[in-house]
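To start, the structure itself, in structure tokens.
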Amino acid sequence: MRVCIFNNYQEMSRIAAAIVGKCIQTKKGAVLGLATGSTPIGMYQELVRMHRSGELDFSQVITFNLDEYVGLSPLHPQSYHSFMQCHFFQHVNPPSNVHIPRGDAANLALECANYEAAMNQVGGIDIQILGIGSNGHIGFNEPGADAEGTTNVVKLSDCTIKSNARFFSSPNQVPGYAVSMGIKTILDKSKTILLLANGVDKAAAVRHMLTGEVTPAVPASLLRLHSDVTVLLDQAAAQELTERTFVSTESRSPIKFSFLKGKKDGKSTDVGRYRYYTFGNN
Ligand code: PGA
């Protein structure tokens, strides 16, 4: 697991886009796992900029979104279909195949099974983008979620409904359920995971993800069971972390901790040039 802390949201977003862009440039038919929410908007803006400047062509790219609200049609302004159009897809050339779960499917169980099958058919996800909820959720896998769960209908926690109410006219307009890739889907089908977090509201969840018990009570902590995870944070989201925190952290891969603050090469988009500080055994 690599943890990189950036001076600010813009810098974090720029590097996230550089990592995704590199995946697209190096693999024909790259499969991206995409996330919604406020966190990745800056990354999408940067990917759009890279596309406009001729650096990125999406025509061979395949995408799978993490989740969608149950009951909202793709055209609903708060659906994640609409979010993706508004923040990303309408600004780039069309990917070869876009997958977003249909929250309005007549048979949701079948929709979930088909979604898993479609991911299998393309050989899994090359790079999965994740945000993190202030309660530690990933996708819509809320605290206490089944660690063995695949794409399924999940119930949103009160915390998530409250947090997402900012996009709706009132909290009771927020759907109570969503179709979400499960934790097992994320862990087993993603070759690489890129988790982004910014803002002080995420600081406690980030600390637990990296240093607390690995438990479904904090779904993001289960990412420590994956062998290729990069966590990009702004200063605020990292404010509860200390160097000491990392000494006793268990992880399948060593946790490499990179401070970009104040470093000249923090401005570089060459993601291979970061300097890592390693804690623990490695
Ligand atoms: P946010 O949501 O980016 O809107 O904070 C992240 C998430 O819930 O995964």
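Lettering and numbering for the structure tokens are positional, with chains as A, B, ... in the shown order, residues counted from 1 in each chain, and ligands counted from 1 in the shown order.
Neighbours of segment 234-243 of chain A closer than or equal to 9 Å, with only C-alpha atoms counted and sequence neighbours fewer than 4 positions away skipped, come out as Cys4, Ile5, Phe6, Asn7, Asn8, Tyr9, Gln10, Glu11, Met12, Leu196, Ala197, Asn198, Gly199, Val200, Asp201, Lys202, Ala203, Ala204, Ala205, Val206, Arg207, Leu210, Thr211, Val247, Phe257, Lys261 and Phe279 of chain A.
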Practice item. Using only C-alpha atoms and all ligand atoms, find each protein or nucleic acid residue lying at most 6 Å from ligand 1; present the set as a list in words. Key: Gly37, Ser38, Thr39, Gly131, Ile132, Gly133, Ile138 and Gly139 of chain A
Just the strand (DSSP E or B) stuff from segment 12-240 of chain A, please, per backbone DSSP, written as an mmCIF file with C-alpha atoms, in the first residue's frame.
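Ended up saving to result.cif:
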```cif
data_model
loop_
_atom_site.group_PDB
_atom_site.id
_atom_site.type_symbol
_atom_site.label_atom_id
_atom_site.label_comp_id
_atom_site.auth_asym_id
_atom_site.auth_seq_id
_atom_site.Cartn_x
_atom_site.Cartn_y
_atom_site.Cartn_z
ATOM 1 C CA VAL A 31 -10.684 -1.165 -17.936
ATOM 2 C CA LEU A 32 -11.387 1.641 -15.475
ATOM 3 C CA GLY A 33 -13.490 1.304 -12.343
ATOM 4 C CA LEU A 34 -15.033 4.717 -11.759
ATOM 5 C CA ILE A 62 -13.954 0.299 -20.965
ATOM 6 C CA THR A 63 -15.521 1.641 -17.774
ATOM 7 C CA PHE A 64 -17.487 0.207 -14.863
ATOM 8 C CA ASN A 65 -19.002 2.480 -12.251
ATOM 9 C CA ASP A 67 -22.759 2.046 -7.901
ATOM 10 C CA GLU A 68 -26.116 3.641 -8.646
ATOM 11 C CA TYR A 69 -29.150 4.585 -6.561
ATOM 12 C CA ASN A 97 -18.002 0.490 -23.499
ATOM 13 C CA VAL A 98 -19.528 2.234 -20.480
ATOM 14 C CA HIS A 99 -21.136 0.226 -17.696
ATOM 15 C CA ILE A 125 -10.631 -3.926 -13.698
ATOM 16 C CA ASP A 126 -7.189 -2.514 -14.394
ATOM 17 C CA ILE A 127 -7.531 0.454 -12.081
ATOM 18 C CA GLN A 128 -10.359 1.017 -9.631
ATOM 19 C CA ILE A 129 -10.939 4.554 -8.355
ATOM 20 C CA LEU A 130 -12.457 4.790 -4.890
ATOM 21 C CA ILE A 138 -16.316 2.181 -0.097
ATOM 22 C CA ASN A 141 -20.635 -0.824 1.193
ATOM 23 C CA ASN A 152 -25.739 -6.377 -4.839
ATOM 24 C CA VAL A 153 -28.562 -4.196 -3.576
ATOM 25 C CA VAL A 154 -27.386 -2.504 -0.387
ATOM 26 C CA LYS A 155 -29.065 -0.305 2.190
ATOM 27 C CA TYR A 177 -30.926 1.648 -1.387
ATOM 28 C CA ALA A 178 -28.306 1.353 -4.080
ATOM 29 C CA VAL A 179 -26.823 -1.216 -6.401
ATOM 30 C CA SER A 180 -23.148 -1.412 -5.508
ATOM 31 C CA SER A 190 -9.402 -4.810 -9.263
ATOM 32 C CA LYS A 191 -5.795 -5.245 -10.296
ATOM 33 C CA THR A 192 -4.888 -1.846 -8.892
ATOM 34 C CA ILE A 193 -6.868 0.368 -6.525
ATOM 35 C CA LEU A 194 -6.523 4.138 -6.248
ATOM 36 C CA LEU A 195 -8.337 5.616 -3.249
ATOM 37 C CA LEU A 196 -8.702 9.380 -2.976
ATOM 38 C CA ALA A 197 -9.689 11.349 0.097
ATOM 39 C CA VAL A 229 -3.471 -0.049 -3.326
ATOM 40 C CA THR A 230 -2.404 3.577 -3.622
ATOM 41 C CA VAL A 231 -4.009 6.113 -1.288
ATOM 42 C CA LEU A 232 -3.843 9.769 -2.296
ATOM 43 C CA LEU A 233 -4.681 12.297 0.414
ATOM 44 C CA ASP A 234 -4.706 16.026 0.851
#
```
**Study point:** Nearest-residue call for His51 of chain A, choices A:His91, A:His208, A:His226, A:Lys189, using only C-alpha atoms
**Key:**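 Nearest candidate to His51 of chain A out of A:His91, A:His208, A:His226, A:Lys189: A:His91.
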Check your understanding: Suppose you want the space between atom CA of Tyr115 of chain A and atom CA of Thr36 of chain A; what is it in Å?
Key -> 17.5 Å
Review point. Per DSSP on the backbone, what are the alpha helix (DSSP H) residues of segment 54-258 of chain A, as an MDAnalysis selection string?
Key: chainID A and resid 80:87 108:121 158:164 183:189 203:211
Per residue of segment 64-147 of chain A within 8 Å of segment 213-218 of chain A, what are the shortest atom pair and its distance in Å to one decimal, counting only C-alpha atoms, with rows by chain and residue number, as a Markdown table?
```
| residue | atom | partner | partner_atom | distance |
| --- | --- | --- | --- | --- |
| A:Asn135 | CA | A:Val218 | CA | 7.1 |
| A:Gly136 | CA | A:Val218 | CA | 5.0 |
| A:His137 | CA | A:Val218 | CA | 6.6 |
| A:Glu142 | CA | A:Val218 | CA | 7.9 |
| A:Pro143 | CA | A:Ala217 | CA | 4.4 |
| A:Gly144 | CA | A:Ala217 | CA | 4.5 |
| A:Ala145 | CA | A:Pro216 | CA | 5.8 |
| A:Asp146 | CA | A:Pro216 | CA | 6.9 |
| A:Ala147 | CA | A:Pro216 | CA | 6.1 |
```
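Compared by their closest atoms to Gly176 of chain A, and using only C-alpha atoms, the residues A:Gly103, A:Ala117, A:Thr150, A:Pro219 rank with A:Gly103 nearest.
Going from atom CA of Ser157 of chain A over to atom CA of Lys184 of chain A, you cover 19.5 Å.
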